[in-house]
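J.: Below is the structure I would like to discuss, written out as structure tokens.
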Amino acid sequence: MEKEEHKQRLIEELGVHFEAEYNLPPLAARIFGNLVVTEEVGLTFDDCQMKRGASKSSISTSLNLLLQLGMITYFTKSGDRRRYFKISDKSTFFIKKLEQAIKKATNESKMIQKVAKYDQQYNNEKYISNKAKMDAYLNCLDQNEATNKETIEALRKLI
């Protein structure tokens, strides 16, 4: 398989992944995929449009979404009016992902505990039968939170 064909397949696979993982629209996911695998320092608006073959308004909307989500940033070059888009610093991006995972797990833990408290008060038999499973799951969430926090600290030291 040629390099360009391999690259296009990887961009497509990344696009599908980013759609599912980050709830991105297909075009934004493919643009982000392009930025992940590009060998350039950054891609211009026109580069993005040429690589995706989409309308200017669609490219603009997708780039603005990726900027708002903090997934990409842009820079300019002296004497060049164009903006060059690139993925955000990987450490910062990974920290944001881990912080989101912690927040999601914390919310889930709170909801499980509320249901358990309700069951304990109003359906004690159900509470007793589910307690071991619930405790194991909550323990897993706690361990993941601790690991995520350690990783965030390690990443912050690398920035």
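Residue numbering restarts at 1 in every chain; chains get A, B, ... in the order shown in the structure tokens, and ligands count up from 1 in that same order.
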Contacts of Leu69 in chain A at 12 Å or less, counting only C-alpha atoms, minus same-chain residues fewer than 4 places along, as JSON, numbers by chain?
T.: {"A": [22, 23, 24, 28, 32, 62, 63, 64, 65, 73, 87, 88, 93, 96, 97]}
J.: Any chance you could export the current selection's C-alpha atoms as a PDB file, in the first residue's frame?
T.:
```
ATOM      1  CA  TYR A  22     -15.775  13.189  20.778  1.00  0.00           C
ATOM      2  CA  ASN A  23     -19.250  13.407  19.216  1.00  0.00           C
ATOM      3  CA  LEU A  24     -17.847  15.373  16.290  1.00  0.00           C
ATOM      4  CA  ALA A  28     -14.811  18.112  11.690  1.00  0.00           C
ATOM      5  CA  PHE A  32      -8.981  16.769  12.886  1.00  0.00           C
ATOM      6  CA  SER A  62     -15.848  22.679  11.359  1.00  0.00           C
ATOM      7  CA  LEU A  63     -12.665  24.632  12.116  1.00  0.00           C
ATOM      8  CA  ASN A  64     -14.571  26.977  14.431  1.00  0.00           C
ATOM      9  CA  LEU A  65     -16.059  23.996  16.278  1.00  0.00           C
ATOM     10  CA  THR A  73      -5.243  26.127  17.726  1.00  0.00           C
ATOM     11  CA  ILE A  87      -3.787  20.223  16.909  1.00  0.00           C
ATOM     12  CA  SER A  88      -3.589  21.654  20.406  1.00  0.00           C
ATOM     13  CA  PHE A  93      -5.452  17.939  25.058  1.00  0.00           C
ATOM     14  CA  LYS A  96      -8.647  17.921  29.155  1.00  0.00           C
ATOM     15  CA  LYS A  97      -9.676  14.390  28.144  1.00  0.00           C
TER      16      LYS A  97
END
```
J.: Per residue of range 73-134 of chain A within 12 Å of range 44-59 of chain A, note the shortest atom pair and the distance in Å to one decimal, counting only C-alpha atoms, and order the rows by chain and increasing residue number, as a Markdown table.
T.:
```
| residue | atom | partner | partner_atom | distance |
| --- | --- | --- | --- | --- |
| A:Thr73 | CA | A:Thr44 | CA | 11.6 |
| A:Tyr74 | CA | A:Thr44 | CA | 9.0 |
| A:Phe75 | CA | A:Thr44 | CA | 9.8 |
| A:Thr76 | CA | A:Thr44 | CA | 9.7 |
| A:Lys77 | CA | A:Thr44 | CA | 11.1 |
| A:Asp80 | CA | A:Thr44 | CA | 11.0 |
| A:Arg81 | CA | A:Thr44 | CA | 10.4 |
| A:Arg82 | CA | A:Thr44 | CA | 6.7 |
| A:Arg83 | CA | A:Thr44 | CA | 5.9 |
| A:Tyr84 | CA | A:Thr44 | CA | 4.6 |
| A:Phe85 | CA | A:Thr44 | CA | 6.1 |
| A:Lys86 | CA | A:Thr44 | CA | 9.1 |
```
J.: Take the residues from that selection and put them in a file with N, CA and C atoms, as a PDB file, in the first residue's frame.
T.:
```
ATOM      1  N   THR A  73      -5.600  24.722  17.561  1.00  0.00           N
ATOM      2  CA  THR A  73      -5.243  26.127  17.726  1.00  0.00           C
ATOM      3  C   THR A  73      -4.776  26.621  16.358  1.00  0.00           C
ATOM      4  N   TYR A  74      -4.476  27.903  16.280  1.00  0.00           N
ATOM      5  CA  TYR A  74      -3.915  28.408  15.025  1.00  0.00           C
ATOM      6  C   TYR A  74      -2.783  29.359  15.344  1.00  0.00           C
ATOM      7  N   PHE A  75      -1.954  29.562  14.353  1.00  0.00           N
ATOM      8  CA  PHE A  75      -0.863  30.512  14.459  1.00  0.00           C
ATOM      9  C   PHE A  75      -0.720  31.195  13.115  1.00  0.00           C
ATOM     10  N   THR A  76      -0.013  32.304  13.096  1.00  0.00           N
ATOM     11  CA  THR A  76       0.265  33.020  11.851  1.00  0.00           C
ATOM     12  C   THR A  76       1.771  33.095  11.669  1.00  0.00           C
ATOM     13  N   LYS A  77       2.155  33.324  10.441  1.00  0.00           N
ATOM     14  CA  LYS A  77       3.574  33.475  10.110  1.00  0.00           C
ATOM     15  C   LYS A  77       3.800  34.927   9.716  1.00  0.00           C
ATOM     16  N   ASP A  80       2.603  36.727   6.436  1.00  0.00           N
ATOM     17  CA  ASP A  80       1.581  35.870   5.823  1.00  0.00           C
ATOM     18  C   ASP A  80       0.281  36.092   6.591  1.00  0.00           C
ATOM     19  N   ARG A  81      -0.761  36.502   5.893  1.00  0.00           N
ATOM     20  CA  ARG A  81      -2.024  36.812   6.549  1.00  0.00           C
ATOM     21  C   ARG A  81      -2.842  35.567   6.884  1.00  0.00           C
ATOM     22  N   ARG A  82      -2.444  34.435   6.348  1.00  0.00           N
ATOM     23  CA  ARG A  82      -3.224  33.204   6.574  1.00  0.00           C
ATOM     24  C   ARG A  82      -3.021  32.664   7.992  1.00  0.00           C
ATOM     25  N   ARG A  83      -4.055  31.976   8.462  1.00  0.00           N
ATOM     26  CA  ARG A  83      -3.952  31.265   9.731  1.00  0.00           C
ATOM     27  C   ARG A  83      -3.581  29.812   9.430  1.00  0.00           C
ATOM     28  N   TYR A  84      -2.712  29.267  10.244  1.00  0.00           N
ATOM     29  CA  TYR A  84      -2.301  27.873  10.127  1.00  0.00           C
ATOM     30  C   TYR A  84      -2.863  27.123  11.325  1.00  0.00           C
ATOM     31  N   PHE A  85      -3.640  26.081  11.047  1.00  0.00           N
ATOM     32  CA  PHE A  85      -4.289  25.319  12.103  1.00  0.00           C
ATOM     33  C   PHE A  85      -3.456  24.092  12.435  1.00  0.00           C
ATOM     34  N   LYS A  86      -3.413  23.769  13.722  1.00  0.00           N
ATOM     35  CA  LYS A  86      -2.697  22.579  14.179  1.00  0.00           C
ATOM     36  C   LYS A  86      -3.426  22.030  15.399  1.00  0.00           C
TER      37      LYS A  86
END
```
J.: Show me, as an MDAnalysis selection string, the residues that have an atom within 9 Å of Glu13 in chain A when counting only C-alpha atoms, minus same-chain residues fewer than 5 positions from it.
T.: chainID A and resid 8 18 30 33
J.: In terms of the shortest atom-to-atom distance over only C-alpha atoms, which of A:Glu153, A:Glu108, A:Glu12, A:Glu99 is closest to Val36 in chain A?
T.: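 Closest to Val36 in chain A of all the choices is A:Glu12.
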J.: Of the candidates A:Thr151, A:Thr61, A:Asn130, A:Gln121, which one gets nearest to Pro25 in chain A if we count only C-alpha atoms?
T.: A:Thr61
J.: Give the strand (DSSP E) residues of range 1-151 of chain A, as DSSP finds them on the backbone, and put them as a list in words.
T.: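 Everything in range 1-151 of chain A that counts as strand (DSSP E) is Leu43, Thr44, Ile72, Thr73, Tyr74, Phe75, Thr76, Lys77, Asp80, Arg81, Arg82, Arg83, Tyr84, Phe85, Lys86 and Ile87 of chain A.
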